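For reference, target-v4.tsv is printed below; it contains TSV, C-alpha atoms.
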chain	number	residue	atom	x	y	z
S	1	MET	CA	2.87	1.48	-15.90
S	2	ASN	CA	0.63	1.89	-12.85
S	3	ASP	CA	1.32	-0.30	-9.83
S	4	HIS	CA	-0.86	-3.39	-9.84
S	5	LEU	CA	-1.29	-6.90	-8.47
S	6	VAL	CA	-2.39	-9.98	-10.42
S	7	ARG	CA	-3.95	-13.09	-8.85
S	8	ALA	CA	-3.82	-16.53	-10.38
S	9	ILE	CA	-4.49	-20.17	-9.58
S	10	SER	CA	-3.18	-23.41	-11.06
S	11	THR	CA	-5.20	-26.56	-10.50
S	12	GLN	CA	-2.50	-28.49	-12.34
S	13	ALA	CA	0.17	-27.48	-9.79
S	14	ASN	CA	-2.35	-27.00	-6.96
S	15	VAL	CA	-1.08	-23.52	-6.06
S	16	ARG	CA	-2.30	-19.96	-5.83
S	17	ALA	CA	-0.07	-17.18	-7.08
S	18	LEU	CA	0.23	-13.43	-6.68
S	19	ALA	CA	2.57	-11.02	-8.43
S	20	CYS	CA	2.76	-7.26	-8.24
S	21	VAL	CA	4.53	-4.20	-9.58
S	22	SER	CA	4.99	-1.67	-6.77
S	23	THR	CA	7.52	0.81	-8.17
S	24	GLU	CA	5.59	4.05	-7.68
S	25	THR	CA	4.31	2.99	-4.26
S	26	VAL	CA	7.80	2.16	-3.00
S	27	HIS	CA	9.18	5.34	-4.55
S	28	THR	CA	6.55	7.43	-2.74
S	29	VAL	CA	7.21	5.83	0.65
S	30	CYS	CA	10.98	6.08	0.31
S	31	GLN	CA	10.69	9.75	-0.65
S	32	ARG	CA	8.60	10.47	2.42
S	33	GLN	CA	10.98	8.49	4.63
S	34	GLU	CA	14.03	10.14	2.99
S	35	THR	CA	15.80	6.80	2.78
S	36	TRP	CA	19.33	6.22	1.57
S	37	PRO	CA	19.92	3.46	-1.02
S	38	THR	CA	20.29	0.33	1.14
S	39	ALA	CA	17.43	1.46	3.37
S	40	SER	CA	15.32	2.02	0.24
S	41	VAL	CA	15.98	-1.51	-0.99
S	42	ALA	CA	15.17	-3.06	2.39
S	43	LEU	CA	12.02	-0.99	2.87
S	44	GLY	CA	10.96	-1.59	-0.74
S	45	ARG	CA	11.16	-5.34	-0.35
S	46	ALA	CA	9.19	-5.23	2.89
S	47	LEU	CA	6.51	-2.97	1.38
S	48	THR	CA	6.03	-5.31	-1.57
S	49	GLY	CA	5.94	-8.30	0.77
S	50	GLY	CA	3.28	-6.51	2.78
S	51	VAL	CA	1.19	-5.92	-0.34
S	52	LEU	CA	1.36	-9.62	-1.23
S	53	LEU	CA	0.34	-10.70	2.29
S	54	GLY	CA	-2.42	-8.09	2.43
S	55	ALA	CA	-3.83	-9.39	-0.84
S	56	LEU	CA	-4.53	-12.72	0.89
S	57	LEU	CA	-6.95	-10.99	3.26
S	58	LYS	CA	-10.59	-9.97	2.83
S	59	GLY	CA	-12.76	-6.93	3.54
S	60	GLN	CA	-11.33	-4.65	6.21
S	61	GLN	CA	-8.69	-7.10	7.41
S	62	ARG	CA	-5.14	-5.79	7.82
S	63	VAL	CA	-1.64	-7.14	8.31
S	64	ALA	CA	1.43	-5.58	9.93
S	65	LEU	CA	5.02	-6.75	9.55
S	66	LYS	CA	7.83	-5.77	11.91
S	67	PHE	CA	11.40	-6.74	11.11
S	68	GLU	CA	13.84	-6.15	13.96
S	69	GLY	CA	17.58	-6.70	13.83
S	70	PRO	CA	20.86	-5.57	15.42
S	71	GLY	CA	22.04	-3.74	12.29
S	72	PRO	CA	22.04	0.04	11.70
S	73	LEU	CA	18.61	-0.10	10.06
S	74	LYS	CA	17.20	-1.24	13.44
S	75	LYS	CA	13.69	-2.10	12.26
S	76	ILE	CA	11.24	-2.02	9.37
S	77	LEU	CA	7.51	-1.53	9.89
S	78	VAL	CA	4.92	-2.19	7.18
S	79	GLU	CA	1.12	-2.18	7.28
S	80	ALA	CA	-1.10	-3.35	4.42
S	81	ASN	CA	-4.71	-4.32	3.79
S	82	ALA	CA	-6.88	-6.35	1.46
S	83	GLN	CA	-7.27	-3.39	-0.90
S	84	CYS	CA	-3.50	-3.45	-1.63
S	85	GLN	CA	-2.98	-0.20	0.26
S	86	VAL	CA	0.35	-0.07	2.09
S	87	HIS	CA	2.60	2.20	4.12
S	88	GLY	CA	5.82	1.68	6.03
S	89	SER	CA	8.82	3.13	7.82
S	90	VAL	CA	12.36	2.27	8.88
S	91	GLY	CA	14.07	2.81	12.21
S	92	ASN	CA	17.02	4.58	10.59
S	93	PRO	CA	16.43	5.78	7.02
S	94	HIS	CA	19.99	7.04	6.54
S	95	VAL	CA	21.65	3.67	5.98
S	96	ASP	CA	23.76	2.73	2.97
S	97	VAL	CA	26.19	-0.06	3.80
S	98	PRO	CA	28.88	-1.30	1.35
S	99	ARG	CA	27.70	-3.70	-1.36
S	100	CYS	CA	28.20	-7.43	-0.89
S	101	ASN	CA	29.25	-9.24	-4.10
S	102	GLY	CA	27.80	-6.34	-6.08
S	103	ARG	CA	24.39	-6.55	-4.37
S	104	PHE	CA	22.75	-4.33	-1.80
S	105	ASP	CA	23.59	-5.83	1.59
S	106	VAL	CA	20.16	-5.81	3.22
S	107	PRO	CA	21.20	-8.45	5.82
S	108	GLY	CA	24.14	-6.24	6.76
S	109	ALA	CA	21.81	-3.26	7.19
S	110	LEU	CA	19.10	-5.06	9.16
S	111	GLY	CA	21.37	-7.50	10.96
S	112	ARG	CA	21.74	-11.23	10.41
S	113	ALA	CA	19.92	-12.18	13.59
S	114	GLY	CA	16.54	-10.84	14.58
S	115	LEU	CA	12.81	-11.34	14.56
S	116	LEU	CA	9.90	-11.01	12.16
S	117	THR	CA	6.57	-10.33	13.87
S	118	VAL	CA	3.42	-10.62	11.76
S	119	THR	CA	0.19	-9.26	13.23
S	120	LYS	CA	-3.14	-9.82	11.49
S	121	ASP	CA	-6.30	-7.91	12.32
S	122	LEU	CA	-8.97	-10.30	11.09
S	123	GLY	CA	-11.86	-8.46	12.71
S	124	LEU	CA	-11.87	-10.74	15.75
S	125	LYS	CA	-11.56	-9.72	19.39
S	126	THR	CA	-7.83	-10.37	19.47
S	127	PRO	CA	-5.41	-9.92	16.54
S	128	TYR	CA	-3.48	-12.99	15.44
S	129	GLN	CA	0.28	-12.69	15.96
S	130	GLY	CA	3.14	-14.91	14.85
S	131	VAL	CA	6.85	-14.47	15.53
S	132	VAL	CA	9.76	-16.19	13.79
S	133	HIS	CA	13.51	-15.70	13.73
S	134	LEU	CA	14.96	-14.05	10.65
S	135	ILE	CA	16.63	-16.83	8.67
S	136	SER	CA	18.50	-14.63	6.16
S	137	SER	CA	17.34	-11.01	6.68
S	138	GLU	CA	16.82	-10.82	2.90
S	139	ILE	CA	13.10	-10.13	3.58
S	140	ALA	CA	11.56	-12.47	0.96
S	141	GLU	CA	13.04	-15.63	2.47
S	142	ASP	CA	12.02	-14.49	5.94
S	143	ILE	CA	8.38	-13.92	4.97
S	144	ALA	CA	8.24	-17.24	3.11
S	145	TYR	CA	9.69	-18.98	6.16
S	146	TYR	CA	7.06	-17.34	8.38
S	147	LEU	CA	4.23	-18.51	6.10
S	148	THR	CA	5.63	-22.04	5.92
S	149	ASP	CA	6.54	-22.39	9.59
S	150	SER	CA	3.97	-20.32	11.47
S	151	GLU	CA	0.94	-20.61	9.16
S	152	GLN	CA	1.80	-24.11	7.88
S	153	THR	CA	1.42	-23.01	4.25
S	154	PRO	CA	4.38	-23.98	2.03
S	155	SER	CA	5.32	-20.76	0.24
S	156	ALA	CA	7.89	-19.25	-2.09
S	157	MET	CA	8.42	-15.50	-2.42
S	158	GLY	CA	10.61	-13.28	-4.55
S	159	LEU	CA	11.04	-9.53	-4.00
S	160	THR	CA	13.15	-6.89	-5.70
S	161	THR	CA	13.80	-3.17	-5.42
S	162	LEU	CA	16.23	-1.39	-7.73
S	163	VAL	CA	17.72	2.03	-7.03
S	164	ASP	CA	19.13	4.22	-9.83
S	165	GLN	CA	22.24	6.42	-9.89
S	166	ASN	CA	20.24	9.27	-8.34
S	167	SER	CA	19.36	7.04	-5.36
S	168	SER	CA	15.71	6.97	-6.46
S	169	VAL	CA	13.62	3.81	-6.64
S	170	ALA	CA	13.59	2.69	-10.27
S	171	LEU	CA	11.77	-0.65	-10.04
S	172	ALA	CA	10.01	-2.69	-7.37
S	173	GLY	CA	7.81	-5.75	-7.29
S	174	GLY	CA	7.58	-9.40	-6.40
S	175	PHE	CA	5.62	-12.65	-6.33
S	176	LEU	CA	4.17	-15.16	-3.87
S	177	ILE	CA	3.42	-18.80	-4.64
S	178	GLN	CA	1.52	-20.90	-2.09
S	179	ALA	CA	0.63	-24.58	-2.13
S	180	LEU	CA	-3.08	-25.26	-1.72
S	181	PRO	CA	-4.41	-28.02	0.55
S	182	GLY	CA	-4.15	-31.45	-1.02
S	183	PRO	CA	-1.50	-33.84	-2.27
S	184	ALA	CA	1.66	-32.49	-3.88
S	185	THR	CA	1.90	-32.88	-7.66
S	186	THR	CA	4.76	-33.35	-10.09
S	187	SER	CA	3.76	-29.98	-11.56
S	188	LEU	CA	4.31	-28.38	-8.14
S	189	ASP	CA	7.79	-29.90	-7.98
S	190	MET	CA	8.48	-28.58	-11.48
S	191	LEU	CA	7.20	-25.14	-10.47
S	192	MET	CA	9.44	-24.96	-7.42
S	193	GLU	CA	12.43	-25.97	-9.54
S	194	ARG	CA	11.65	-23.13	-11.96
S	195	ILE	CA	11.46	-20.65	-9.07
S	196	GLN	CA	14.90	-21.78	-7.86
S	197	THR	CA	16.39	-20.95	-11.27
S	198	LEU	CA	14.36	-17.78	-11.86
S	199	PRO	CA	16.40	-14.99	-13.48
S	200	SER	CA	16.33	-11.52	-11.97
S	201	LEU	CA	12.79	-10.20	-11.53
S	202	SER	CA	13.98	-6.96	-13.13
S	203	GLU	CA	13.83	-8.78	-16.48
S	204	PHE	CA	10.07	-9.33	-16.22
S	205	LEU	CA	8.64	-6.58	-13.99
S	206	PRO	CA	8.88	-3.85	-16.67
S	207	HIS	CA	6.37	-5.92	-18.66
S	208	GLY	CA	3.91	-6.17	-15.77
S	209	ALA	CA	3.00	-8.59	-13.00
S	210	GLY	CA	1.36	-10.92	-15.51
S	211	ALA	CA	4.71	-11.40	-17.25
S	212	VAL	CA	6.25	-12.57	-13.97
S	213	LEU	CA	3.56	-15.22	-13.54
S	214	ALA	CA	3.82	-16.28	-17.19
S	215	TYR	CA	7.52	-17.02	-16.78
S	216	ILE	CA	7.12	-18.76	-13.42
S	217	PHE	CA	4.40	-21.10	-14.67
S	218	GLY	CA	5.92	-21.71	-18.10
S	219	GLU	CA	4.07	-24.67	-19.61
S	220	ILE	CA	2.06	-25.30	-16.44
S	221	GLU	CA	-1.60	-24.35	-16.91
S	222	TYR	CA	-2.93	-21.51	-14.76
S	223	GLU	CA	-5.83	-19.07	-14.69
S	224	ILE	CA	-5.73	-15.33	-14.02
S	225	LEU	CA	-8.38	-14.50	-11.40
S	226	GLY	CA	-8.13	-10.73	-11.32
S	227	ARG	CA	-6.07	-7.57	-11.17
S	228	GLN	CA	-6.21	-4.63	-8.78
S	229	PRO	CA	-4.25	-1.41	-8.20
S	230	VAL	CA	-1.50	-1.11	-5.60
S	231	TYR	CA	-0.88	2.21	-3.89
S	232	PHE	CA	0.45	4.05	-0.87
S	233	HIS	CA	-2.12	4.99	1.75
S	234	CYS	CA	-1.70	6.22	5.31
S	235	SER	CA	-4.61	6.05	7.72
S	236	CYS	CA	-3.38	8.85	9.97
S	237	SER	CA	-5.70	11.78	10.74
S	238	ARG	CA	-5.89	14.64	13.19
S	239	ASP	CA	-8.32	12.65	15.33
S	240	ARG	CA	-5.95	9.68	15.54
S	241	ILE	CA	-3.04	11.96	16.44
S	242	GLU	CA	-5.18	13.50	19.20
S	243	GLN	CA	-5.94	10.01	20.52
S	244	GLY	CA	-2.22	9.35	20.60
S	245	LEU	CA	-1.59	12.54	22.57
S	246	VAL	CA	-4.28	11.60	25.07
S	247	THR	CA	-2.35	8.42	25.90
S	248	LEU	CA	0.48	10.61	27.20
S	249	GLY	CA	-1.67	11.46	30.21
S	250	VAL	CA	-3.08	14.68	31.61
S	251	GLU	CA	0.12	15.82	33.34
S	252	THR	CA	2.27	15.57	30.22
S	253	ILE	CA	-0.31	17.30	28.03
S	254	ALA	CA	-0.80	20.07	30.60
S	255	GLU	CA	2.96	20.58	30.76
S	256	LEU	CA	3.13	20.91	26.97
S	257	ALA	CA	0.25	23.38	27.02
S	258	SER	CA	1.91	25.51	29.70
S	259	GLN	CA	4.88	26.22	27.44
S	260	SER	CA	2.67	28.66	25.51
S	261	GLU	CA	4.00	27.42	22.20
S	262	LYS	CA	2.52	25.38	19.41
S	263	ILE	CA	3.74	21.80	19.13
S	264	MET	CA	4.07	19.79	15.93
S	265	VAL	CA	3.46	16.06	15.74
S	266	SER	CA	4.57	14.08	12.68
S	267	CYS	CA	3.13	10.79	11.45
S	268	GLU	CA	5.76	8.05	11.51
S	269	PHE	CA	4.65	6.70	8.14
S	270	CYS	CA	3.63	9.58	5.86
S	271	LYS	CA	5.48	12.39	7.70
S	272	GLU	CA	2.37	14.58	7.64
S	273	HIS	CA	2.66	17.36	10.24
S	274	TYR	CA	-0.11	18.18	12.71
S	275	VAL	CA	0.13	21.42	14.72
S	276	PHE	CA	-1.57	21.88	18.09
S	277	THR	CA	-1.97	25.22	19.87
S	278	PRO	CA	-1.76	25.59	23.68
S	279	GLU	CA	-5.53	26.06	23.72
S	280	GLU	CA	-6.07	22.77	21.91
S	281	LEU	CA	-3.69	21.02	24.30
S	282	HIS	CA	-5.58	22.44	27.29
S	283	ARG	CA	-8.79	21.02	25.79
S	284	LEU	CA	-7.17	17.60	25.38
S	285	ALA	CA	-5.90	17.72	28.97
S	286	THR	CA	-9.43	18.48	30.16
S	287	GLU	CA	-10.80	15.55	28.15
S	288	CYS	CA	-8.30	13.24	29.86
S	289	HIS	CA	-10.08	13.67	33.22
Could you write out this structure as structure tokens?
Amino acid sequence: MNDHLVRAISTQANVRALACVSTETVHTVCQRQETWPTASVALGRALTGGVLLGALLKGQQRVALKFEGPGPLKKILVEANAQCQVHGSVGNPHVDVPRCNGRFDVPGALGRAGLLTVTKDLGLKTPYQGVVHLISSEIAEDIAYYLTDSEQTPSAMGLTTLVDQNSSVALAGGFLIQALPGPATTSLDMLMERIQTLPSLSEFLPHGAGAVLAYIFGEIEYEILGRQPVYFHCSCSRDRIEQGLVTLGVETIAELASQSEKIMVSCEFCKEHYVFTPEELHRLATECH
């Protein structure tokens, strides 16, 4: 099954809903990041959360999530857009802490105290930025808390990433439910109760994102608005890497060029390598003036 996202709305419960399957996307990112199991689960949840937030945007708008904590994982970075394209990285990919009650201990890896910073590029002069404290470091609860507290939109989110015996991502996906403006309804209360008792997402995700929404809504009426693909995409390019080198300043670039050796720069997200010769570095140093 290809990765995909499904949008829905329920006028009966007065909510909008998103659900997605992101298995291949998360698998691709974790392979490139060379993550160990607990790091894969943490990054997978954050990537799926990023896809769900990105799907709320329009056009060329983008969103970035940064989770920072005192644990060995250090940080998680995710960037997504309205086209459900996403990429991400972790501060320390080689993290696999002991399980906690049989579950991957993401809070133990990230740290149980920290910050979530959400930055939205809405095409305005200044990006919007909101910062909240991590309330559980489980990722889904932290994003839902951000949406409810910082954006004043009551939200519920569920995220999952499963890793197989070979330490490869076997399943990933999630959902986001948001209350729409207007009075609360008894159907909304019923919906939130169902979410609280929701079985493992792994029971529904193999059947697609639509199956997740079907279970969540149950007898509550809702309408599917559309479906779109979800996939990994990195916006790095040689030009952007050159722009990054230029920010080092003329002295640093000239020093690198004087070593008479090629240098290799790797993208933090996709790990693509870009090689620059001394001659190219001299040219960049000249352009800095």
Contact residues around range 142-144 of chain S with only C-alpha atoms at 10 Å, ignoring same-chain residues under 6 positions, as a ChimeraX atom specification: /S:46,49-50,53,65,67,115-118,132-136,150,153-158,176-178
Contact check, range 147-248 of chain S to range 254-274 of chain S, at most 7 Å, counting only C-alpha atoms, closest pairs as CSV:
residue,atom,partner,partner_atom,distance
S:Cys234,CA,S:Cys270,CA,6.3
S:Cys236,CA,S:Cys267,CA,7.0
S:Arg238,CA,S:Tyr274,CA,6.8
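Atom pair CA of Leu159 in chain S / CA of Gly210 in chain S: separated by 15.1 Å.
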Output as AutoDock Vina command-line options the centre and edge lengths (Å, one decimal) of the box along x, y and z of the file that holds every listed atom of range 266-280 of chain S after adding 3 Å on each side.
--center_x -0.2 --center_y 16.4 --center_z 14.8 --size_x 17.8 --size_y 25.4 --size_z 23.9
I need the residue nearest Glu34 in chain S from this list: S:Thr252, S:Thr161, S:Ser89, S:Thr186. Use only C-alpha atoms for the distance. S:Ser89
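One distance worth recording is that between CA of Lys120 in chain S and CA of Gln61 in chain S, which is 7.4 Å.
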Taking (9.9, -5.4, -12.5) in the file's coordinates, which residues come within 7 Å, counting all atoms listed in the file, written as a VMD selection string? chain S and resid 21 171 to 173 201 to 206 208
Up to 10 Å from (-10.0, -9.0, 1.7) in the file's coordinates: name the residues, counting all atoms listed in the file, as an mmCIF file with C-alpha atoms, in the frame of the given file.
data_model
loop_
_atom_site.group_PDB
_atom_site.id
_atom_site.type_symbol
_atom_site.label_atom_id
_atom_site.label_comp_id
_atom_site.auth_asym_id
_atom_site.auth_seq_id
_atom_site.Cartn_x
_atom_site.Cartn_y
_atom_site.Cartn_z
ATOM 1 C CA GLY S 54 -2.420 -8.090 2.430
ATOM 2 C CA ALA S 55 -3.830 -9.390 -0.840
ATOM 3 C CA LEU S 56 -4.530 -12.720 0.890
ATOM 4 C CA LEU S 57 -6.950 -10.990 3.260
ATOM 5 C CA LYS S 58 -10.590 -9.970 2.830
ATOM 6 C CA GLY S 59 -12.760 -6.930 3.540
ATOM 7 C CA GLN S 60 -11.330 -4.650 6.210
ATOM 8 C CA GLN S 61 -8.690 -7.100 7.410
ATOM 9 C CA ARG S 62 -5.140 -5.790 7.820
ATOM 10 C CA ASN S 81 -4.710 -4.320 3.790
ATOM 11 C CA ALA S 82 -6.880 -6.350 1.460
ATOM 12 C CA GLN S 83 -7.270 -3.390 -0.900
ATOM 13 C CA CYS S 84 -3.500 -3.450 -1.630
ATOM 14 C CA LEU S 122 -8.970 -10.300 11.090
#
Taking only C-alpha atoms into account, which of S:Thr185, S:Thr160, S:Gln228, S:Ser167 comes nearest Asp3 in chain S?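 Among the listed residues, the smallest separation from Asp3 in chain S belongs to S:Gln228.
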Minimum-distance residue to Val246 in chain S, chosen among S:His94, S:His282, S:Lys75, S:Arg45 (using only C-alpha atoms):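 Residue with the minimum atom-to-atom distance to Val246 in chain S: S:His282.
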So how far away is CA of Thr148 in chain S from CA of Val131 in chain S, in Å? 12.3 Å
Have range 99-121 of chain S completed to N, CA and C atoms, please, and pass it along as a short mmCIF file (atom, residue, chain, number, x, y, z; two decimals), keeping the file's coordinate frame.
data_model
loop_
_atom_site.label_atom_id
_atom_site.label_comp_id
_atom_site.auth_asym_id
_atom_site.auth_seq_id
_atom_site.Cartn_x
_atom_site.Cartn_y
_atom_site.Cartn_z
N ARG S 99 28.29 -2.58 -0.63
CA ARG S 99 27.70 -3.70 -1.36
C ARG S 99 28.39 -5.01 -0.99
N CYS S 100 27.67 -6.09 -1.14
CA CYS S 100 28.20 -7.43 -0.89
C CYS S 100 28.09 -8.23 -2.19
N ASN S 101 29.23 -8.54 -2.80
CA ASN S 101 29.25 -9.24 -4.10
C ASN S 101 28.42 -8.49 -5.14
N GLY S 102 28.50 -7.16 -5.10
CA GLY S 102 27.80 -6.34 -6.08
C GLY S 102 26.33 -6.11 -5.78
N ARG S 103 25.82 -6.68 -4.70
CA ARG S 103 24.39 -6.55 -4.37
C ARG S 103 24.23 -5.69 -3.12
N PHE S 104 23.06 -5.08 -3.01
CA PHE S 104 22.75 -4.33 -1.80
C PHE S 104 22.73 -5.30 -0.62
N ASP S 105 23.44 -4.95 0.43
CA ASP S 105 23.59 -5.83 1.59
C ASP S 105 22.49 -5.55 2.61
N VAL S 106 21.28 -6.01 2.30
CA VAL S 106 20.16 -5.81 3.22
C VAL S 106 20.39 -6.55 4.55
N PRO S 107 20.91 -7.79 4.54
CA PRO S 107 21.20 -8.45 5.82
C PRO S 107 22.20 -7.67 6.66
N GLY S 108 23.18 -7.04 6.01
CA GLY S 108 24.14 -6.24 6.76
C GLY S 108 23.51 -5.00 7.36
N ALA S 109 22.49 -4.46 6.68
CA ALA S 109 21.81 -3.26 7.19
C ALA S 109 20.84 -3.59 8.31
N LEU S 110 20.09 -4.68 8.14
CA LEU S 110 19.10 -5.06 9.16
C LEU S 110 19.74 -5.85 10.29
N GLY S 111 20.76 -6.62 9.97
CA GLY S 111 21.37 -7.50 10.96
C GLY S 111 21.00 -8.93 10.65
N ARG S 112 21.95 -9.83 10.80
CA ARG S 112 21.74 -11.23 10.41
C ARG S 112 21.10 -12.08 11.50
N ALA S 113 20.67 -11.47 12.55
CA ALA S 113 19.92 -12.18 13.59
C ALA S 113 18.84 -11.22 14.08
N GLY S 114 17.63 -11.71 14.15
CA GLY S 114 16.54 -10.84 14.58
C GLY S 114 15.22 -11.55 14.50
N LEU S 115 14.16 -10.77 14.52
CA LEU S 115 12.81 -11.34 14.56
C LEU S 115 11.91 -10.70 13.51
N LEU S 116 11.00 -11.50 12.99
CA LEU S 116 9.90 -11.01 12.16
C LEU S 116 8.61 -11.28 12.92
N THR S 117 7.87 -10.21 13.20
CA THR S 117 6.57 -10.33 13.87
C THR S 117 5.48 -9.97 12.87
N VAL S 118 4.54 -10.86 12.66
CA VAL S 118 3.42 -10.62 11.76
C VAL S 118 2.15 -10.56 12.59
N THR S 119 1.44 -9.45 12.49
CA THR S 119 0.19 -9.26 13.23
C THR S 119 -0.95 -9.08 12.25
N LYS S 120 -1.99 -9.90 12.38
CA LYS S 120 -3.14 -9.82 11.49
C LYS S 120 -4.38 -9.40 12.26
N ASP S 121 -5.01 -8.33 11.78
CA ASP S 121 -6.30 -7.91 12.32
C ASP S 121 -7.37 -8.50 11.42
#
